[in-house]
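As provided, work-v9.txt (compact mmCIF, C-alpha atoms) reads as follows.
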# COMPACT_ATOMS: atom_id res chain seq x y z
CA MET A 1 -0.52 -8.11 20.96
CA SER A 2 -2.61 -5.38 19.38
CA TRP A 3 -0.87 -2.17 18.35
CA THR A 4 -1.75 1.27 17.04
CA LEU A 5 -0.94 2.38 13.52
CA THR A 6 -0.22 6.10 13.20
CA GLU A 7 0.49 8.46 10.34
CA ALA A 8 4.22 8.23 11.06
CA ASP A 9 4.17 4.50 10.24
CA LEU A 10 2.75 4.92 6.76
CA PRO A 11 5.88 5.52 4.65
CA ASP A 12 7.57 2.38 6.02
CA LEU A 13 4.35 0.35 5.75
CA ALA A 14 3.76 1.39 2.14
CA ARG A 15 7.35 0.59 1.17
CA GLY A 16 7.22 -2.84 2.81
CA ALA A 17 3.82 -3.61 1.32
CA ALA A 18 5.15 -2.80 -2.14
CA VAL A 19 8.06 -5.23 -1.62
CA LEU A 20 5.70 -7.99 -0.48
CA GLY A 21 3.34 -7.17 -3.35
CA THR A 22 5.88 -8.61 -5.82
CA GLY A 23 5.21 -5.84 -8.31
CA GLY A 24 1.43 -5.77 -7.91
CA GLY A 25 -1.32 -5.13 -5.40
CA GLY A 26 -1.87 -1.58 -6.63
CA ASP A 27 -0.02 1.68 -6.14
CA PRO A 28 1.18 1.88 -2.50
CA TYR A 29 1.74 5.64 -2.71
CA VAL A 30 -1.91 6.30 -3.56
CA GLY A 31 -2.98 4.01 -0.72
CA ARG A 32 -0.63 5.72 1.70
CA LEU A 33 -2.12 9.15 0.94
CA LEU A 34 -5.68 7.86 1.37
CA VAL A 35 -4.85 6.29 4.73
CA ARG A 36 -3.04 9.44 5.84
CA GLU A 37 -6.12 11.54 5.20
CA ALA A 38 -8.37 9.01 6.96
CA ILE A 39 -6.12 8.99 10.03
CA ARG A 40 -5.97 12.78 10.10
CA GLU A 41 -9.76 12.94 10.02
CA HIS A 42 -10.66 9.99 12.23
CA GLY A 43 -7.58 9.13 14.31
CA PRO A 44 -5.15 6.17 14.51
CA ILE A 45 -6.07 2.59 13.71
CA THR A 46 -6.05 -0.43 16.00
CA ILE A 47 -4.25 -3.45 14.52
CA LEU A 48 -5.34 -6.76 16.06
CA ASP A 49 -3.17 -9.85 16.22
CA PRO A 50 -5.19 -12.82 14.89
CA SER A 51 -4.88 -14.54 18.28
CA GLU A 52 -6.84 -11.66 19.84
CA VAL A 53 -9.87 -11.96 17.54
CA ASP A 54 -12.87 -13.61 19.20
CA ASP A 55 -13.74 -16.93 17.57
CA ASP A 56 -17.31 -15.81 16.87
CA ALA A 57 -16.38 -12.34 15.59
CA LEU A 58 -17.34 -11.44 12.01
CA VAL A 59 -14.29 -10.38 10.02
CA VAL A 60 -14.89 -8.94 6.55
CA PRO A 61 -11.81 -8.39 4.34
CA THR A 62 -11.87 -5.35 2.05
CA ALA A 63 -9.76 -4.62 -1.02
CA GLN A 64 -9.39 -3.03 -4.43
CA MET A 65 -9.52 -5.14 -7.57
CA GLY A 66 -8.63 -4.38 -11.16
CA ALA A 67 -5.58 -3.51 -13.24
CA PRO A 68 -2.91 -1.54 -11.31
CA THR A 69 -2.22 0.55 -14.41
CA VAL A 70 -5.75 1.99 -14.23
CA VAL A 71 -5.28 3.47 -10.75
CA HIS A 72 -2.71 5.94 -12.08
CA GLU A 73 -5.52 7.61 -14.03
CA LYS A 74 -8.55 6.66 -11.93
CA LEU A 75 -7.79 7.50 -8.31
CA PRO A 76 -10.18 6.20 -5.63
CA ASN A 77 -11.72 8.68 -3.21
CA GLY A 78 -11.69 6.32 -0.21
CA ALA A 79 -15.45 5.90 0.12
CA GLU A 80 -15.71 2.94 -2.27
CA PRO A 81 -14.43 0.18 0.08
CA VAL A 82 -16.67 1.48 2.87
CA LEU A 83 -19.60 1.24 0.46
CA ALA A 84 -18.65 -2.36 -0.39
CA LEU A 85 -18.43 -3.32 3.30
CA ARG A 86 -21.76 -1.70 4.18
CA THR A 87 -23.40 -3.42 1.21
CA LEU A 88 -22.18 -6.83 2.34
CA GLU A 89 -23.23 -6.13 5.93
CA ARG A 90 -26.77 -5.38 4.76
CA HIS A 91 -26.80 -8.55 2.69
CA LEU A 92 -25.59 -10.65 5.63
CA GLY A 93 -27.81 -8.91 8.16
CA ARG A 94 -24.87 -8.46 10.52
CA SER A 95 -22.24 -5.80 11.17
CA ALA A 96 -18.55 -6.54 10.86
CA ASP A 97 -16.46 -6.63 14.02
CA ALA A 98 -13.20 -6.11 12.11
CA THR A 99 -11.79 -5.88 8.60
CA MET A 100 -8.62 -7.40 7.16
CA PRO A 101 -6.52 -7.33 3.97
CA ILE A 102 -7.04 -10.04 1.36
CA GLU A 103 -3.40 -9.60 0.32
CA CYS A 104 -0.37 -7.88 1.84
CA GLY A 105 0.84 -6.03 -1.23
CA GLY A 106 0.69 -2.47 -2.49
CA ILE A 107 -2.55 -0.55 -2.08
CA ASN A 108 -4.37 -3.62 -0.80
CA SER A 109 -2.51 -3.44 2.49
CA MET A 110 -3.93 0.08 2.74
CA ILE A 111 -7.59 -0.34 1.74
CA PRO A 112 -8.65 -2.05 5.02
CA LEU A 113 -6.83 0.69 6.93
CA ILE A 114 -8.97 3.30 5.18
CA VAL A 115 -12.08 1.33 6.15
CA GLY A 116 -10.84 0.85 9.71
CA ALA A 117 -10.13 4.55 10.20
CA ARG A 118 -13.37 5.75 8.63
CA LEU A 119 -15.59 3.29 10.53
CA GLY A 120 -13.63 2.87 13.75
CA LEU A 121 -13.09 -0.83 13.07
CA PRO A 122 -9.95 -2.73 14.09
CA VAL A 123 -7.88 -4.26 11.30
CA VAL A 124 -6.62 -7.83 11.70
CA ASP A 125 -2.86 -8.27 11.23
CA ALA A 126 -3.15 -11.06 8.64
CA ASP A 127 -4.22 -11.66 5.05
CA GLY A 128 -5.16 -14.40 2.60
CA MET A 129 -2.27 -14.34 0.15
CA GLY A 130 0.91 -13.62 2.07
CA ARG A 131 1.89 -11.50 -0.96
CA ALA A 132 -0.26 -10.30 -3.88
CA PHE A 133 -1.97 -12.45 -6.51
CA PRO A 134 -4.05 -11.26 -9.48
CA GLU A 135 -7.22 -13.32 -8.94
CA LEU A 136 -9.73 -13.48 -6.08
CA GLN A 137 -9.83 -17.27 -5.76
CA MET A 138 -6.09 -17.29 -5.04
CA GLU A 139 -6.54 -17.02 -1.28
CA THR A 140 -5.39 -19.20 1.60
CA PHE A 141 -8.90 -18.50 2.90
CA GLY A 142 -10.36 -20.46 -0.01
CA VAL A 143 -7.63 -23.11 0.02
CA TYR A 144 -8.58 -24.03 3.57
CA GLY A 145 -12.36 -23.93 3.25
CA VAL A 146 -13.69 -20.35 3.49
CA THR A 147 -15.88 -19.29 0.56
CA GLY A 148 -15.48 -15.87 -1.00
CA SER A 149 -19.22 -15.50 -1.61
CA PRO A 150 -21.28 -13.58 -1.02
CA MET A 151 -19.11 -10.65 -2.05
CA ALA A 152 -20.03 -7.01 -2.56
CA ILE A 153 -18.58 -4.59 -5.10
CA GLY A 154 -18.68 -0.81 -4.76
CA GLY A 155 -18.06 1.68 -7.56
CA GLU A 156 -16.96 5.30 -7.51
CA ARG A 157 -20.44 6.56 -8.40
CA GLY A 158 -22.23 4.61 -5.69
CA GLU A 159 -22.93 1.51 -7.76
CA THR A 160 -23.18 -1.75 -5.81
CA THR A 161 -23.35 -5.39 -6.79
CA VAL A 162 -23.61 -8.54 -4.69
CA ILE A 163 -22.27 -11.76 -6.22
CA ASP A 164 -22.96 -15.17 -4.72
CA THR A 165 -21.54 -18.23 -6.46
CA GLY A 166 -21.63 -20.50 -3.41
CA ALA A 167 -18.40 -22.41 -3.01
CA ASP A 168 -17.17 -21.64 -6.54
CA ASN A 169 -14.58 -18.94 -5.85
CA LYS A 170 -13.20 -19.07 -9.37
CA ARG A 171 -16.56 -18.24 -10.90
CA MET A 172 -16.94 -15.45 -8.34
CA GLU A 173 -13.66 -13.99 -9.63
CA TRP A 174 -14.84 -14.27 -13.24
CA LEU A 175 -18.10 -12.46 -12.60
CA ALA A 176 -16.50 -9.81 -10.38
CA ARG A 177 -13.81 -9.17 -13.01
CA GLY A 178 -16.52 -8.47 -15.58
CA VAL A 179 -18.26 -6.01 -13.27
CA THR A 180 -14.93 -4.32 -12.50
CA ILE A 181 -14.14 -3.87 -16.18
CA ARG A 182 -17.51 -2.19 -16.68
CA LEU A 183 -16.87 0.10 -13.73
CA GLY A 184 -13.82 1.43 -15.56
CA GLY A 185 -11.20 -1.19 -14.76
CA VAL A 186 -11.03 -0.77 -10.97
CA ALA A 187 -13.52 -1.39 -8.16
CA HIS A 188 -13.58 -2.02 -4.42
CA ILE A 189 -14.79 -5.18 -2.75
CA ALA A 190 -15.76 -6.90 0.48
CA GLU A 191 -15.53 -10.69 0.41
CA TYR A 192 -14.53 -13.86 2.29
CA ALA A 193 -16.57 -12.87 5.35
CA MET A 194 -15.52 -15.28 8.08
CA SER A 195 -15.41 -15.98 11.78
CA GLY A 196 -12.47 -15.17 14.01
CA ALA A 197 -11.88 -18.91 14.31
CA ASP A 198 -11.56 -19.14 10.52
CA VAL A 199 -9.11 -16.24 10.50
CA LYS A 200 -6.83 -18.12 12.88
CA ARG A 201 -7.12 -21.30 10.81
CA THR A 202 -6.75 -19.95 7.26
CA ALA A 203 -4.96 -16.56 7.22
CA VAL A 204 -1.27 -15.80 6.85
CA PRO A 205 -0.57 -14.07 10.18
CA GLN A 206 1.24 -10.82 11.05
CA THR A 207 1.70 -9.61 7.48
CA LEU A 208 0.96 -5.96 8.25
CA SER A 209 3.63 -6.15 10.94
CA LEU A 210 5.93 -7.80 8.43
CA ALA A 211 5.35 -5.08 5.84
CA LEU A 212 6.17 -2.44 8.45
CA THR A 213 9.36 -4.31 9.39
CA VAL A 214 10.44 -4.66 5.74
CA GLY A 215 9.89 -0.99 5.00
CA ARG A 216 11.59 0.17 8.18
CA THR A 217 14.58 -2.13 7.61
CA ILE A 218 15.20 -0.72 4.13
CA ARG A 219 14.97 2.85 5.40
CA GLU A 220 17.24 2.28 8.40
CA ALA A 221 19.86 0.53 6.25
CA ARG A 222 19.97 3.51 3.91
CA GLU A 223 20.26 5.91 6.83
CA ALA A 224 23.21 3.87 8.13
CA ASN A 225 24.82 3.79 4.65
CA GLU A 226 24.58 0.00 4.67
CA ASP A 227 23.30 -2.44 2.03
CA PRO A 228 19.48 -2.55 2.36
CA VAL A 229 19.26 -5.96 0.69
CA GLU A 230 21.67 -7.49 3.23
CA TRP A 231 19.74 -5.93 6.09
CA LEU A 232 16.47 -7.16 4.64
CA ALA A 233 17.79 -10.71 4.27
CA SER A 234 18.86 -10.63 7.91
CA ALA A 235 15.49 -9.27 9.09
CA LEU A 236 13.55 -11.97 7.21
CA ARG A 237 15.48 -14.90 8.68
CA SER A 238 13.42 -14.83 11.88
CA THR A 239 10.09 -14.72 9.99
CA PRO A 240 8.16 -17.31 7.96
CA TYR A 241 9.67 -15.59 4.88
CA GLN A 242 13.12 -16.65 5.99
CA HIS A 243 15.00 -17.09 2.71
CA LEU A 244 16.04 -14.17 0.48
CA ARG A 245 18.14 -14.79 -2.60
CA VAL A 246 19.56 -12.16 -4.95
CA LEU A 247 18.59 -13.36 -8.42
CA PHE A 248 20.00 -10.63 -10.66
CA ARG A 249 21.59 -7.19 -10.80
CA GLY A 250 21.46 -5.14 -13.97
CA LYS A 251 19.58 -2.59 -16.07
CA VAL A 252 16.05 -2.85 -17.48
CA SER A 253 16.36 -3.28 -21.23
CA ASP A 254 12.76 -3.83 -22.31
CA VAL A 255 9.20 -3.74 -20.91
CA GLU A 256 6.13 -5.08 -22.68
CA ARG A 257 2.96 -4.17 -20.79
CA ARG A 258 -0.71 -4.20 -21.76
CA THR A 259 -4.01 -3.89 -19.91
CA GLU A 260 -6.42 -6.62 -20.93
CA ALA A 261 -9.33 -8.49 -19.31
CA GLY A 262 -8.90 -6.44 -16.15
CA PHE A 263 -5.21 -7.28 -15.66
CA ALA A 264 -1.84 -5.70 -16.38
CA ARG A 265 -0.01 -8.41 -18.31
CA GLY A 266 3.42 -8.51 -19.85
CA ARG A 267 7.08 -9.20 -19.42
CA ALA A 268 10.23 -7.29 -18.59
CA ALA A 269 13.85 -7.91 -19.50
CA ALA A 270 17.12 -6.72 -17.99
CA VAL A 271 20.78 -7.17 -18.85
CA SER A 272 23.58 -7.55 -16.34
CA PHE A 273 25.93 -4.61 -15.95
CA ASP A 274 28.69 -6.46 -17.80
CA GLY A 275 26.29 -7.53 -20.56
CA SER A 276 26.90 -11.24 -20.03
CA SER A 277 23.49 -12.31 -18.69
CA LYS A 278 19.83 -11.57 -19.33
CA LEU A 279 16.88 -11.66 -16.94
CA GLU A 280 13.26 -12.08 -18.02
CA ILE A 281 10.23 -11.60 -15.77
CA LEU A 282 6.70 -12.64 -16.69
CA PHE A 283 3.90 -10.81 -14.85
CA GLN A 284 0.12 -10.71 -14.51
CA ASN A 285 -0.34 -7.72 -12.19
CA GLU A 286 2.33 -9.44 -10.05
CA ASN A 287 5.67 -10.99 -11.02
CA LEU A 288 5.16 -14.70 -11.65
CA LEU A 289 8.36 -16.10 -13.13
CA ALA A 290 11.99 -14.99 -13.24
CA THR A 291 14.52 -16.65 -15.54
CA VAL A 292 18.18 -15.86 -16.04
CA ASP A 293 19.64 -16.96 -19.38
CA GLY A 294 16.66 -19.26 -19.80
CA THR A 295 17.01 -20.96 -16.40
CA VAL A 296 14.23 -20.61 -13.81
CA ARG A 297 15.45 -18.73 -10.74
CA CYS A 298 12.18 -18.06 -8.90
CA LEU A 299 8.51 -18.69 -9.57
CA VAL A 300 5.10 -18.19 -8.00
CA PRO A 301 4.07 -18.45 -5.17
CA ASP A 302 7.53 -17.37 -3.96
CA LEU A 303 8.06 -13.63 -4.19
CA ILE A 304 9.92 -11.98 -7.09
CA CYS A 305 10.72 -8.41 -6.05
CA VAL A 306 12.28 -5.77 -8.28
CA LEU A 307 14.19 -3.16 -6.25
CA GLU A 308 15.94 0.01 -7.33
CA SER A 309 19.62 -0.82 -7.02
CA ALA A 310 20.84 2.20 -5.08
CA THR A 311 17.94 2.59 -2.62
CA ALA A 312 16.14 -0.80 -2.59
CA GLU A 313 12.88 1.04 -3.22
CA PRO A 314 10.41 -1.47 -4.72
CA ILE A 315 9.40 -1.02 -8.36
CA THR A 316 5.87 -2.10 -9.31
CA THR A 317 5.00 -3.64 -12.67
CA GLU A 318 3.25 -0.46 -13.83
CA THR A 319 6.32 1.69 -13.05
CA LEU A 320 8.99 -0.50 -14.66
CA ARG A 321 10.89 1.57 -17.22
CA PHE A 322 13.75 1.14 -19.68
CA GLY A 323 17.10 2.04 -18.13
CA GLN A 324 16.25 1.47 -14.47
CA ARG A 325 19.12 -0.08 -12.51
CA VAL A 326 17.63 -2.93 -10.53
CA THR A 327 18.33 -5.67 -8.03
CA VAL A 328 15.89 -8.55 -8.31
CA VAL A 329 15.40 -10.77 -5.27
CA GLY A 330 13.44 -13.92 -4.57
CA ILE A 331 11.83 -14.42 -1.15
CA SER A 332 10.39 -17.67 0.17
CA THR A 333 6.74 -17.92 1.18
CA PRO A 334 5.46 -19.47 4.44
CA PRO A 335 4.74 -23.23 4.62
CA LEU A 336 0.98 -22.48 4.62
CA MET A 337 1.40 -21.33 1.01
CA ARG A 338 3.42 -24.31 -0.19
CA THR A 339 1.07 -27.18 0.57
CA PRO A 340 -0.25 -29.23 -2.37
CA GLU A 341 -3.69 -27.63 -1.91
CA ALA A 342 -2.19 -24.14 -1.98
CA LEU A 343 -0.05 -24.85 -5.05
CA ASP A 344 -3.13 -26.14 -6.87
CA THR A 345 -4.74 -22.74 -6.30
CA PHE A 346 -1.89 -20.29 -6.85
CA GLY A 347 1.16 -22.30 -7.90
CA PRO A 348 2.74 -22.21 -11.38
CA GLY A 349 0.06 -24.41 -12.94
CA ALA A 350 -2.69 -21.98 -11.93
CA PHE A 351 -1.09 -19.43 -14.29
CA GLY A 352 -0.43 -21.87 -17.10
CA LEU A 353 3.31 -21.97 -16.45
CA PRO A 354 4.97 -25.22 -17.58
CA HIS A 355 7.39 -25.36 -14.64
CA PRO A 356 6.92 -27.35 -11.42
CA PHE A 357 7.26 -25.36 -8.22
CA VAL A 358 10.70 -25.49 -6.64
CA PRO A 359 11.40 -23.36 -3.53
CA VAL A 360 13.58 -20.32 -4.18
CA GLU A 361 16.07 -21.38 -1.51
CA GLN A 362 16.82 -24.45 -3.62
CA ILE A 363 17.19 -22.73 -7.00
CA GLY A 364 17.87 -19.03 -6.33
CA ALA A 365 21.46 -17.91 -6.80
CA GLU A 366 23.04 -14.52 -7.33
CA THR A 367 24.27 -13.71 -10.81
Take the structure in the file and give it back as structure tokens.
Amino acid sequence: MSWTLTEADLPDLARGAAVLGTGGGGDPYVGRLLVREAIREHGPITILDPSEVDDDALVVPTAQMGAPTVVHEKLPNGAEPVLALRTLERHLGRSADATMPIECGGINSMIPLIVGARLGLPVVDADGMGRAFPELQMETFGVYGVTGSPMAIGGERGETTVIDTGADNKRMEWLARGVTIRLGGVAHIAEYAMSGADVKRTAVPQTLSLALTVGRTIREAREANEDPVEWLASALRSTPYQHLRVLFRGKVSDVERRTEAGFARGRAAAVSFDGSSKLEILFQNENLLATVDGTVRCLVPDLICVLESATAEPITTETLRFGQRVTVVGISTPPLMRTPEALDTFGPGAFGLPHPFVPVEQIGAET
């Protein structure tokens, strides 16, 4: 069923999107403010269930790409993703019937909402990552046969670029990353234009609804003076993300972070409160690998989420700081994201990690 997103939903949606973003996907607070202003100016947004999208409809996902660290200093004004969509529409010779997220994390759950509000377009309740990933080819859309090209890029000063690499989504990412770097490290895009039938076949469904549920669950648990992590684990059991495992509790002891080649790369470490164990997280925009005392506890594509211990507020990779008290959880991804084809595209090997994928429910254990 379709539903209406209002300004009152935005704090819960942003919080949930940041959890599902596994540390990346861009700053959810910035996205929340941009959507709030768009709703205030243009009205609420219609969210369409994938089953309600006509098979022959044209759906054009919109997003932000670049290093999340850059957005703290280079705030978007909200017009850039509209520019990217309009540019791609002109190139295709057809108007979009709806837009959709490419990922369900951070600011990239918000960008299509800005576009939807500004243009009066519905937003499909689905995405192509089921979390956030750092590269554009890492989409269930591409895994199951939809090409990212042609894609359009919009810059803050009205610059536009159209990239068409045919079926080579990885080369599309490489070229788009170069353009984004030259636009200052962040840009806005429209890509993976597809039919409604392709949305139903290739997208991870109901992820905006899931983000809203995650954010609301954390808030309501706090209001009831209950453990938000326990409530979240319970809420996820009836979803495709059904397994949550607490991987570690402790204090951040070190963060190494650098912006290079259009990504925020680095690692973070934490020590347990009794000093007996050490956690290490490797990230590239998003958290990719979590080890405890050298043993793998969770790895991509399953979700590694760093939460503030007292409130369960998600902590993104660009806001990790020494001394933060954290609870780190692993969350399982849907079956659509664990097929051999999917793991070839965004499993451990796609990031150069030497570990085979093992589901978090088989290896995750609280420390």
Near-Ala203 (chain A) list (10 Å; all atoms listed in the file; drop same-chain fewer than 6 positions) as a PyMOL selection string: chain A and resi 50+100-103+124-130+139-142+144+336
Would you pick out the contacts of Phe357 (chain A) at 10 Å or less, using only C-alpha atoms, so that residues sharing its chain but fewer than 6 positions from it are not included, and give the list as a ChimeraX atom specification? /A:298-302,338,343,347-349
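Near Leu83 (chain A), within 12 Å and counting all atoms listed in the file, sit Thr62, Ala63, Asn77, Gly78, Ala79, Thr87, Leu88, Glu89, Arg90, Ile114, Val115, Arg118, Leu119, Ala152, Ile153, Gly154, Gly155, Glu156, Arg157, Gly158, Glu159, Thr160, Thr161, Val162, Ala187, His188, Ile189 and Ala190 of chain A, not including residues fewer than 4 positions from it in the same chain.
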12 Å contact set for Gly116 (chain A), all atoms listed in the file, chain neighbours under 6 positions out, as number ranges by chain: A: 4-5, 35, 38-39, 42-48, 59-62, 78-79, 81-82, 85, 96-101, 109-110, 122-124
Within 8 Å of region 9-30 of chain A, which residues of region 194-246 of chain A show up? Give each one with its shortest atom-to-atom distance in Å (one decimal) and the two atoms involved, counting all atoms listed in the file, rows by chain then rising residue number, as a Markdown table.
| residue | atom | partner | partner_atom | distance |
| --- | --- | --- | --- | --- |
| A:Leu208 | CA | A:Leu13 | CA | 7.6 |
| A:Leu210 | CA | A:Gly16 | CA | 7.6 |
| A:Ala211 | CA | A:Gly16 | CA | 4.2 |
| A:Leu212 | CA | A:Leu13 | CA | 4.3 |
| A:Thr213 | CA | A:Gly16 | CA | 7.1 |
| A:Val214 | CA | A:Gly16 | CA | 4.7 |
| A:Gly215 | CA | A:Gly16 | CA | 3.9 |
| A:Arg216 | CA | A:Asp12 | CA | 5.1 |
| A:Arg219 | CA | A:Asp12 | CA | 7.4 |
Restricting it to C-alpha atoms, dump the selection as a JSON list (two decimals), keeping the file's coordinate frame.
[["chain", "number", "residue", "atom", "x", "y", "z"],
["A", 208, "LEU", "CA", 0.96, -5.96, 8.25],
["A", 210, "LEU", "CA", 5.93, -7.80, 8.43],
["A", 211, "ALA", "CA", 5.35, -5.08, 5.84],
["A", 212, "LEU", "CA", 6.17, -2.44, 8.45],
["A", 213, "THR", "CA", 9.36, -4.31, 9.39],
["A", 214, "VAL", "CA", 10.44, -4.66, 5.74],
["A", 215, "GLY", "CA", 9.89, -0.99, 5.00],
["A", 216, "ARG", "CA", 11.59, 0.17, 8.18],
["A", 219, "ARG", "CA", 14.97, 2.85, 5.40]]
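Atom to atom, CA of Arg40 (chain A) and CA of Ser2 (chain A) stand 20.7 Å apart.
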Compile the contact shell of Pro150 (chain A) as a ChimeraX atom specification: residues with an atom at most 10 Å away, counting only C-alpha atoms, same-chain residues fewer than 6 positions apart removed. /A:88,91-92,162-167,169,172,190-193
Using only C-alpha atoms, can you tell me which of A:Val296, A:Val199, A:Ile218, A:Leu121 comes closest to Glu52 (chain A)? A:Val199
Atom pair CA of Trp231 (chain A) + CA of Thr311 (chain A), distance 12.3 Å
Using all atoms listed in the file, list the residues that have an atom at most 10 Å from (-6.0, -6.2, -16.5), coordinates as in the file, as an mmCIF file with C-alpha atoms, in the frame of the given file.
data_model
loop_
_atom_site.group_PDB
_atom_site.id
_atom_site.type_symbol
_atom_site.label_atom_id
_atom_site.label_comp_id
_atom_site.auth_asym_id
_atom_site.auth_seq_id
_atom_site.Cartn_x
_atom_site.Cartn_y
_atom_site.Cartn_z
ATOM 1 C CA MET A 65 -9.520 -5.140 -7.570
ATOM 2 C CA GLY A 66 -8.630 -4.380 -11.160
ATOM 3 C CA ALA A 67 -5.580 -3.510 -13.240
ATOM 4 C CA PRO A 68 -2.910 -1.540 -11.310
ATOM 5 C CA THR A 69 -2.220 0.550 -14.410
ATOM 6 C CA VAL A 70 -5.750 1.990 -14.230
ATOM 7 C CA PRO A 134 -4.050 -11.260 -9.480
ATOM 8 C CA ARG A 177 -13.810 -9.170 -13.010
ATOM 9 C CA THR A 180 -14.930 -4.320 -12.500
ATOM 10 C CA ILE A 181 -14.140 -3.870 -16.180
ATOM 11 C CA GLY A 185 -11.200 -1.190 -14.760
ATOM 12 C CA VAL A 186 -11.030 -0.770 -10.970
ATOM 13 C CA ARG A 258 -0.710 -4.200 -21.760
ATOM 14 C CA THR A 259 -4.010 -3.890 -19.910
ATOM 15 C CA GLU A 260 -6.420 -6.620 -20.930
ATOM 16 C CA ALA A 261 -9.330 -8.490 -19.310
ATOM 17 C CA GLY A 262 -8.900 -6.440 -16.150
ATOM 18 C CA PHE A 263 -5.210 -7.280 -15.660
ATOM 19 C CA ALA A 264 -1.840 -5.700 -16.380
ATOM 20 C CA ARG A 265 -0.010 -8.410 -18.310
ATOM 21 C CA GLN A 284 0.120 -10.710 -14.510
ATOM 22 C CA ASN A 285 -0.340 -7.720 -12.190
#
Using all atoms listed in the file, which residue out of A:Phe322, A:Ala224, A:Asp54, A:Tyr241 lies closest to Asp254 (chain A)?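 Of A:Phe322, A:Ala224, A:Asp54, A:Tyr241, the one nearest Asp254 (chain A) is A:Phe322, counting all atoms listed in the file.
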